[in-house]
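Accompanying notes for the structure given below.
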Amino acid sequence: MIGKVLKVKIDRPLGSSHPDYPEQIYPINYGYVEGIIAPDGEEQDVYVLGVDKAVDEYEGELIAVIKRDDDVEEKWVVAPIGTKFTVEEIEEAVRFQEKYFKSHIECE
């Protein structure tokens, strides 16, 4: 799946607040892939890296999968096509939300 180009619908754009925790501001765009159902029964969640403005939709390359060891969910990481991030860069970008979970990142 890594390397596939995906279209992401952004429901929590960069700079927006979490719907249940308004003090949590999204430092990156966050959304989902329509039609792909994740293990939690909802559409697959996606973090979008490498985009420095709020967007409604984004088409990019799947560069990593964050597998939560203590939760049924996994999060996908999409970036501009051909752009690579290190595991450490991904960890830093998603720490605002992933700090609440034990997880590991799988990428090429």
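Each chain of the structure tokens is named A, B, ... in the order shown, its residues numbered from 1; ligands are numbered from 1 in display order.
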DSSP on the backbone: what in segment 34-99 of chain A comes out strand (DSSP E), as an mmCIF file with C-alpha atoms, in the first residue's frame?
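Final file, states06.cif:
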data_model
loop_
_atom_site.group_PDB
_atom_site.id
_atom_site.type_symbol
_atom_site.label_atom_id
_atom_site.label_comp_id
_atom_site.auth_asym_id
_atom_site.auth_seq_id
_atom_site.Cartn_x
_atom_site.Cartn_y
_atom_site.Cartn_z
ATOM 1 C CA GLU A 34 -13.473 7.960 1.421
ATOM 2 C CA GLY A 35 -14.512 4.384 0.827
ATOM 3 C CA ILE A 36 -11.638 2.684 2.653
ATOM 4 C CA ILE A 37 -12.889 1.294 5.957
ATOM 5 C CA GLU A 43 -13.136 5.558 7.030
ATOM 6 C CA GLN A 44 -9.336 5.409 7.113
ATOM 7 C CA ASP A 45 -7.729 8.337 8.965
ATOM 8 C CA VAL A 46 -4.822 10.168 7.345
ATOM 9 C CA TYR A 47 -2.233 12.709 8.465
ATOM 10 C CA VAL A 48 -1.023 14.950 5.619
ATOM 11 C CA GLU A 57 -8.836 17.883 -0.107
ATOM 12 C CA TYR A 58 -5.397 16.621 -0.919
ATOM 13 C CA GLU A 59 -3.967 14.055 -3.301
ATOM 14 C CA GLY A 60 -0.620 12.654 -2.255
ATOM 15 C CA GLU A 61 1.498 9.564 -1.778
ATOM 16 C CA LEU A 62 1.110 7.185 1.158
ATOM 17 C CA ILE A 63 4.567 7.239 2.763
ATOM 18 C CA ALA A 64 3.954 5.522 6.123
ATOM 19 C CA VAL A 65 1.498 3.681 8.331
ATOM 20 C CA ILE A 66 1.323 4.362 12.059
ATOM 21 C CA LYS A 67 0.304 1.149 13.799
ATOM 22 C CA ARG A 68 -1.043 1.623 17.293
ATOM 23 C CA GLU A 74 -3.914 2.724 12.418
ATOM 24 C CA LYS A 75 -3.206 6.085 10.831
ATOM 25 C CA TRP A 76 -1.856 6.622 7.353
ATOM 26 C CA VAL A 77 0.641 9.341 6.471
ATOM 27 C CA VAL A 78 0.389 11.056 3.087
ATOM 28 C CA ALA A 79 2.838 13.580 1.634
#
### Query
Got a sec: who's within 8 Å of Gly15 of chain A, counting only C-alpha atoms, leaving out chain neighbours fewer than 4 positions off, as a PyMOL selection string?
chain A and resi 25-28+54
Can you write just those residues out, C-alpha atoms, as an mmCIF file, in the first residue's frame?
data_model
loop_
_atom_site.group_PDB
_atom_site.id
_atom_site.type_symbol
_atom_site.label_atom_id
_atom_site.label_comp_id
_atom_site.auth_asym_id
_atom_site.auth_seq_id
_atom_site.Cartn_x
_atom_site.Cartn_y
_atom_site.Cartn_z
ATOM 1 C CA ILE A 25 -5.054 22.599 17.598
ATOM 2 C CA TYR A 26 -4.072 20.610 14.520
ATOM 3 C CA PRO A 27 -0.548 21.569 13.357
ATOM 4 C CA ILE A 28 -1.076 19.569 10.137
ATOM 5 C CA ALA A 54 -5.175 24.470 5.335
#
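The set of residues in chain A assigned to helix (DSSP H, G or I) by DSSP, using only backbone atoms of this structure, is Val87, Glu88, Glu89, Ile90, Glu91, Glu92, Ala93, Val94, Arg95, Phe96, Gln97 and Glu98 of chain A.
Distances from A:Gly50, A:Gly82, A:Pro39, A:Gly31 to Asp11 of chain A were compared using only C-alpha atoms, and the smallest one belongs to A:Gly31.
Considering only C-alpha atoms, the residue among A:Ala38, A:Val87, A:Ile2, A:Ile105 positioned nearest to Val72 of chain A is A:Ala38.
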#### Entry: Residue with smallest distance to Asp40 of chain A - pool A:Glu73, A:Lys4, A:Phe85, A:Val94, counting only C-alpha atoms
A:Glu73
